[in-house]
Amino acid sequence: MSANASEQRAVYLVADVADDGTLRPLSVEMVSAGRAVADATGSELVGVVLSSDERAAASLAALAGVDRVLAATDDAFLPWTAVTWASAVAAILAERTPVAVLFPGSISGRDYAPRVAARFGAPMASDISAVVATGDGFAVRRPVYGGRVETTVSFASGTTPFMTVRPGAFAKATPAASPAPVEVVTLAADALDRRVRVLEVREHKPSGPSLTEAKRIVSGGRGLQGADAFAMLRELADLIDGAVGASGAAVGQGWQSHEIQVGSTGHSVSPELYLAVGISGAPQHLVGMQGAEYVVAINRDPAAPIFDVAAFGVVGDLFEVVPALIAEFRSGDAAGS
């Protein structure tokens, strides 16, 4: 990485952008992580946005904690491909001297971030869940062994650490009083690796909101006793405009597909409401839903660990409680109409 005299010491954050050009929710959490690193190192926080238009850059600039935004626009950025994004980020960083670089811990981010780090021979810490200020800089924490253990990672002096940010681990940044300045970055024609092109996208979209972006999630575990019982969770989720999730135990039984699994080997989510139905609260599951703002648990076992993290708990038979909730929501809809 070469120094640029016009650049201040900066922590760079590469935003997570959806294929429709909008900023993904994980980027809002990444700002909090990046701000913590910037404060610990006396640096500014600079967002990097790759997109086909300027919407995502404007959204990132509107978040408190972001000092500047670098926006590169090109039709090659969306739909996302690892080689194109890796080459673009590498070209942008090559003209600067970052203190640290943060990437999204999404499926795409985990793909291209190591490619960029390898180009610069930089140390890489994946899935960070906390930033700790130290006397000479900062260290990060990350969960291992399915969330049972948390490790602290420090970096050698003089290195530029690259990191992916774990979804749901950091608080969402709030709107800024005034937007940060956005600088348009023009990349050389030969800077982008265009060897891979997306010719067609065929996507299976379940009914209702996406699990990782839903504001409300109704999630089921082993207590549902079978696949058929998930029908009532879908009914409840539809009534509250939510998504359906499943624990690793339920997926392991073959009751639901892995695509809706929440936990260390599934999705990490950060909804406003997480309704855990028949879920005991194993560490592998808790690590995936720890970003939820409000947890409600339904379980017949009063000693279930899920009650330790729940804001509100119902000790009872889920086959009685969930239908009662459905009836209550339906009567509310009827009254409202």
# chains A, B, ... in the order shown; residues from 1 in each chain; ligands from 1
call {"tool": "residues_around", "arguments": {"residues": "Met30 of chain A", "least_positions_apart": "5", "cutoff": "9 Å", "atoms": "only C-alpha atoms", "output": "count of residues only"}}
result
15
call {"tool": "select_by_dssp", "arguments": {"residues": "segment 127-237 of chain A", "states": "strand (DSSP E)", "output": "MDAnalysis selection string"}}
result
chainID A and resid 127:128 130:134 137:144 149:154 162:165 182:184 216:220
call {"tool": "closest_residue", "arguments": {"among": "A:Asp127, A:Glu44, A:Glu54, A:Glu235", "to": "Pro323 of chain A", "atoms": "only C-alpha atoms"}}
result
A:Glu235
call {"tool": "closest_residue", "arguments": {"among": "A:Val269, A:Val287, A:Ala58, A:Ala64", "to": "Pro175 of chain A", "atoms": "only C-alpha atoms"}}
result
A:Ala64
call {"tool": "atom_distance", "arguments": {"atom1": "atom CA of Thr73 of chain A", "atom2": "atom CA of Asp53 of chain A"}}
result
5.8 Å
call {"tool": "closest_residue", "arguments": {"among": "A:Ala243, A:Arg55, A:Thr164, A:Ala82", "to": "Pro209 of chain A", "atoms": "only C-alpha atoms"}}
result
A:Ala243
call {"tool": "residues_around", "arguments": {"residues": "Ala118 of chain A", "least_positions_apart": "6", "cutoff": "12 Å", "atoms": "only C-alpha atoms", "output": "list in words"}}
result
Ala86, Ser87, Ala90, Tyr112, Met124, Thr160, Pro161 and Phe162 of chain A
call {"tool": "write_last_selection", "arguments": {"atoms": "C-alpha atoms", "output": "JSON list (two decimals), in the first residue's frame"}}
result
[["chain", "number", "residue", "atom", "x", "y", "z"],
["A", 86, "ALA", "CA", -11.50, -7.87, -4.75],
["A", 87, "SER", "CA", -9.75, -6.07, -7.59],
["A", 90, "ALA", "CA", -7.35, -3.60, -3.78],
["A", 112, "TYR", "CA", -13.56, -11.65, -1.25],
["A", 124, "MET", "CA", -6.80, -11.40, 8.74],
["A", 160, "THR", "CA", -2.56, -3.38, 8.75],
["A", 161, "PRO", "CA", -5.21, -5.79, 10.05],
["A", 162, "PHE", "CA", -8.04, -6.87, 7.79]]
call {"tool": "residues_around", "arguments": {"residues": "Thr22 of chain A", "least_positions_apart": "2", "cutoff": "9 Å", "atoms": "only C-alpha atoms", "output": "PyMOL selection string"}}
result
chain A and resi 16-20+24+51+55-57+59
call {"tool": "residues_around", "arguments": {"residues": "Gly158 of chain A", "least_positions_apart": "2", "cutoff": "12 Å", "atoms": "only C-alpha atoms", "output": "PyMOL selection string"}}
result
chain A and resi 97-100+122-123+136-137+155-156+160-161
call {"tool": "closest_residue", "arguments": {"among": "A:Ala188, A:Leu233, A:Val309, A:Val196", "to": "Gly291 of chain A", "atoms": "only C-alpha atoms"}}
result
A:Val309
call {"tool": "residues_around", "arguments": {"residues": "Arg9 of chain A", "least_positions_apart": "3", "cutoff": "12 Å", "atoms": "only C-alpha atoms", "output": "PyMOL selection string"}}
result
chain A and resi 3-6+12+37-39+41-46+67+96-101+160
call {"tool": "write_last_selection", "arguments": {"atoms": "C-alpha atoms", "output": "CSV table (one decimal), in the first residue's frame"}}
result
chain,number,residue,atom,x,y,z
A,3,ALA,CA,1.0,6.5,1.0
A,4,ASN,CA,-1.1,9.3,-0.3
A,5,ALA,CA,-0.2,12.7,1.1
A,6,SER,CA,-3.8,13.9,1.0
A,12,TYR,CA,-11.6,1.8,6.0
A,37,VAL,CA,-11.3,0.9,15.8
A,38,ALA,CA,-11.0,4.5,14.6
A,39,ASP,CA,-11.4,5.9,18.1
A,41,THR,CA,-6.3,4.4,16.9
A,42,GLY,CA,-7.0,8.1,16.7
A,43,SER,CA,-8.1,7.8,13.1
A,44,GLU,CA,-11.0,8.8,10.9
A,45,LEU,CA,-13.5,6.3,9.6
A,46,VAL,CA,-13.8,6.2,5.8
A,67,ASP,CA,-16.2,10.8,8.5
A,96,ARG,CA,-3.8,4.8,0.5
A,97,THR,CA,-2.3,3.7,3.8
A,98,PRO,CA,-5.0,2.3,6.0
A,99,VAL,CA,-4.8,1.7,9.7
A,100,ALA,CA,-7.2,-1.2,9.4
A,101,VAL,CA,-9.8,-2.5,6.9
A,160,THR,CA,-2.6,-3.4,8.7
call {"tool": "closest_residue", "arguments": {"among": "A:Gly245, A:Gly254, A:Ile240, A:Ser108", "to": "Ile326 of chain A", "atoms": "only C-alpha atoms"}}
result
A:Ile240
call {"tool": "closest_residue", "arguments": {"among": "A:Ala191, A:Leu70, A:Leu78, A:Val28", "to": "Ser52 of chain A", "atoms": "only C-alpha atoms"}}
result
A:Leu78
call {"tool": "residues_around", "arguments": {"residues": "segment 198-204 of chain A", "least_positions_apart": "2", "cutoff": "12 Å", "atoms": "only C-alpha atoms", "output": "list in words"}}
result
Asp19, Asp75, Ala76, Phe77, Leu78, Pro79, Trp80, Thr81, Ala82, Val83, Thr84, Arg194, Arg195, Val196, Pro206, Ser207, Ser210 and Glu259 of chain A
call {"tool": "write_last_selection", "arguments": {"atoms": "C-alpha atoms", "output": "CSV table (one decimal), in the first residue's frame"}}
result
chain,number,residue,atom,x,y,z
A,19,ASP,CA,-27.7,-6.5,-5.8
A,75,ASP,CA,-22.1,-1.6,-13.7
A,76,ALA,CA,-19.6,-4.4,-13.1
A,77,PHE,CA,-20.1,-4.2,-9.4
A,78,LEU,CA,-23.6,-5.6,-9.4
A,79,PRO,CA,-24.5,-8.3,-9.4
A,80,TRP,CA,-21.6,-9.1,-7.0
A,81,THR,CA,-18.7,-11.2,-8.1
A,82,ALA,CA,-15.7,-11.9,-5.8
A,83,VAL,CA,-13.0,-11.2,-8.4
A,84,THR,CA,-14.4,-7.8,-9.4
A,194,ARG,CA,-13.9,-8.5,-15.3
A,195,ARG,CA,-13.2,-12.1,-16.1
A,196,VAL,CA,-16.4,-13.3,-14.3
A,206,PRO,CA,-39.4,-17.6,0.5
A,207,SER,CA,-42.6,-15.9,1.3
A,210,SER,CA,-35.5,-12.3,4.3
A,259,GLU,CA,-31.2,-21.9,4.7
call {"tool": "atom_distance", "arguments": {"atom1": "atom CA of Val131 of chain A", "atom2": "atom CA of Gly105 of chain A"}}
result
15.0 Å
call {"tool": "select_by_dssp", "arguments": {"residues": "segment 73-157 of chain A", "states": "alpha helix (DSSP H)", "output": "number ranges by chain"}}
result
A: 82-94, 107-120
call {"tool": "write_last_selection", "arguments": {"atoms": "N, CA and C atoms", "output": "short mmCIF file (atom, residue, chain, number, x, y, z; two decimals), in the first residue's frame"}}
result
data_model
loop_
_atom_site.label_atom_id
_atom_site.label_comp_id
_atom_site.auth_asym_id
_atom_site.auth_seq_id
_atom_site.Cartn_x
_atom_site.Cartn_y
_atom_site.Cartn_z
N ALA A 82 -16.84 -12.03 -6.73
CA ALA A 82 -15.69 -11.92 -5.83
C ALA A 82 -14.49 -11.28 -6.51
N VAL A 83 -14.19 -11.70 -7.75
CA VAL A 83 -12.97 -11.21 -8.41
C VAL A 83 -13.07 -9.72 -8.71
N THR A 84 -14.24 -9.24 -9.12
CA THR A 84 -14.40 -7.83 -9.44
C THR A 84 -14.29 -6.97 -8.18
N TRP A 85 -14.97 -7.39 -7.13
CA TRP A 85 -14.92 -6.61 -5.89
C TRP A 85 -13.52 -6.64 -5.28
N ALA A 86 -12.86 -7.78 -5.31
CA ALA A 86 -11.50 -7.87 -4.75
C ALA A 86 -10.55 -6.94 -5.49
N SER A 87 -10.65 -6.92 -6.81
CA SER A 87 -9.75 -6.07 -7.59
C SER A 87 -10.04 -4.59 -7.35
N ALA A 88 -11.32 -4.22 -7.22
CA ALA A 88 -11.67 -2.82 -6.99
C ALA A 88 -11.20 -2.34 -5.62
N VAL A 89 -11.45 -3.13 -4.59
CA VAL A 89 -11.02 -2.74 -3.24
C VAL A 89 -9.50 -2.66 -3.17
N ALA A 90 -8.82 -3.61 -3.79
CA ALA A 90 -7.35 -3.60 -3.78
C ALA A 90 -6.83 -2.35 -4.48
N ALA A 91 -7.47 -1.94 -5.57
CA ALA A 91 -7.02 -0.74 -6.29
C ALA A 91 -7.22 0.52 -5.45
N ILE A 92 -8.32 0.58 -4.73
CA ILE A 92 -8.58 1.75 -3.87
C ILE A 92 -7.59 1.80 -2.71
N LEU A 93 -7.35 0.67 -2.06
CA LEU A 93 -6.45 0.65 -0.91
C LEU A 93 -5.00 0.87 -1.32
N ALA A 94 -4.64 0.49 -2.54
CA ALA A 94 -3.25 0.63 -2.99
C ALA A 94 -2.80 2.08 -3.04
N ILE A 107 -21.93 -13.67 3.40
CA ILE A 107 -21.43 -14.72 2.51
C ILE A 107 -20.47 -14.13 1.49
N SER A 108 -20.82 -12.99 0.91
CA SER A 108 -19.95 -12.37 -0.08
C SER A 108 -18.69 -11.81 0.56
N GLY A 109 -18.83 -11.14 1.71
CA GLY A 109 -17.67 -10.56 2.37
C GLY A 109 -16.64 -11.59 2.77
N ARG A 110 -17.12 -12.75 3.26
CA ARG A 110 -16.19 -13.81 3.65
C ARG A 110 -15.48 -14.41 2.45
N ASP A 111 -16.03 -14.19 1.27
CA ASP A 111 -15.42 -14.70 0.04
C ASP A 111 -14.28 -13.80 -0.44
N TYR A 112 -14.57 -12.50 -0.61
CA TYR A 112 -13.56 -11.65 -1.25
C TYR A 112 -12.59 -10.99 -0.28
N ALA A 113 -12.95 -10.83 1.00
CA ALA A 113 -12.04 -10.18 1.95
C ALA A 113 -10.69 -10.89 2.06
N PRO A 114 -10.64 -12.23 2.21
CA PRO A 114 -9.34 -12.90 2.27
C PRO A 114 -8.52 -12.73 0.99
N ARG A 115 -9.21 -12.59 -0.15
CA ARG A 115 -8.49 -12.38 -1.41
C ARG A 115 -7.73 -11.05 -1.38
N VAL A 116 -8.39 -10.02 -0.84
CA VAL A 116 -7.75 -8.71 -0.76
C VAL A 116 -6.61 -8.74 0.25
N ALA A 117 -6.86 -9.36 1.40
CA ALA A 117 -5.81 -9.44 2.42
C ALA A 117 -4.59 -10.17 1.88
N ALA A 118 -4.80 -11.22 1.12
CA ALA A 118 -3.68 -11.99 0.56
C ALA A 118 -2.84 -11.15 -0.40
N ARG A 119 -3.50 -10.26 -1.15
CA ARG A 119 -2.77 -9.41 -2.09
C ARG A 119 -1.78 -8.50 -1.37
N PHE A 120 -2.15 -8.08 -0.14
CA PHE A 120 -1.28 -7.17 0.60
C PHE A 120 -0.47 -7.88 1.68
#
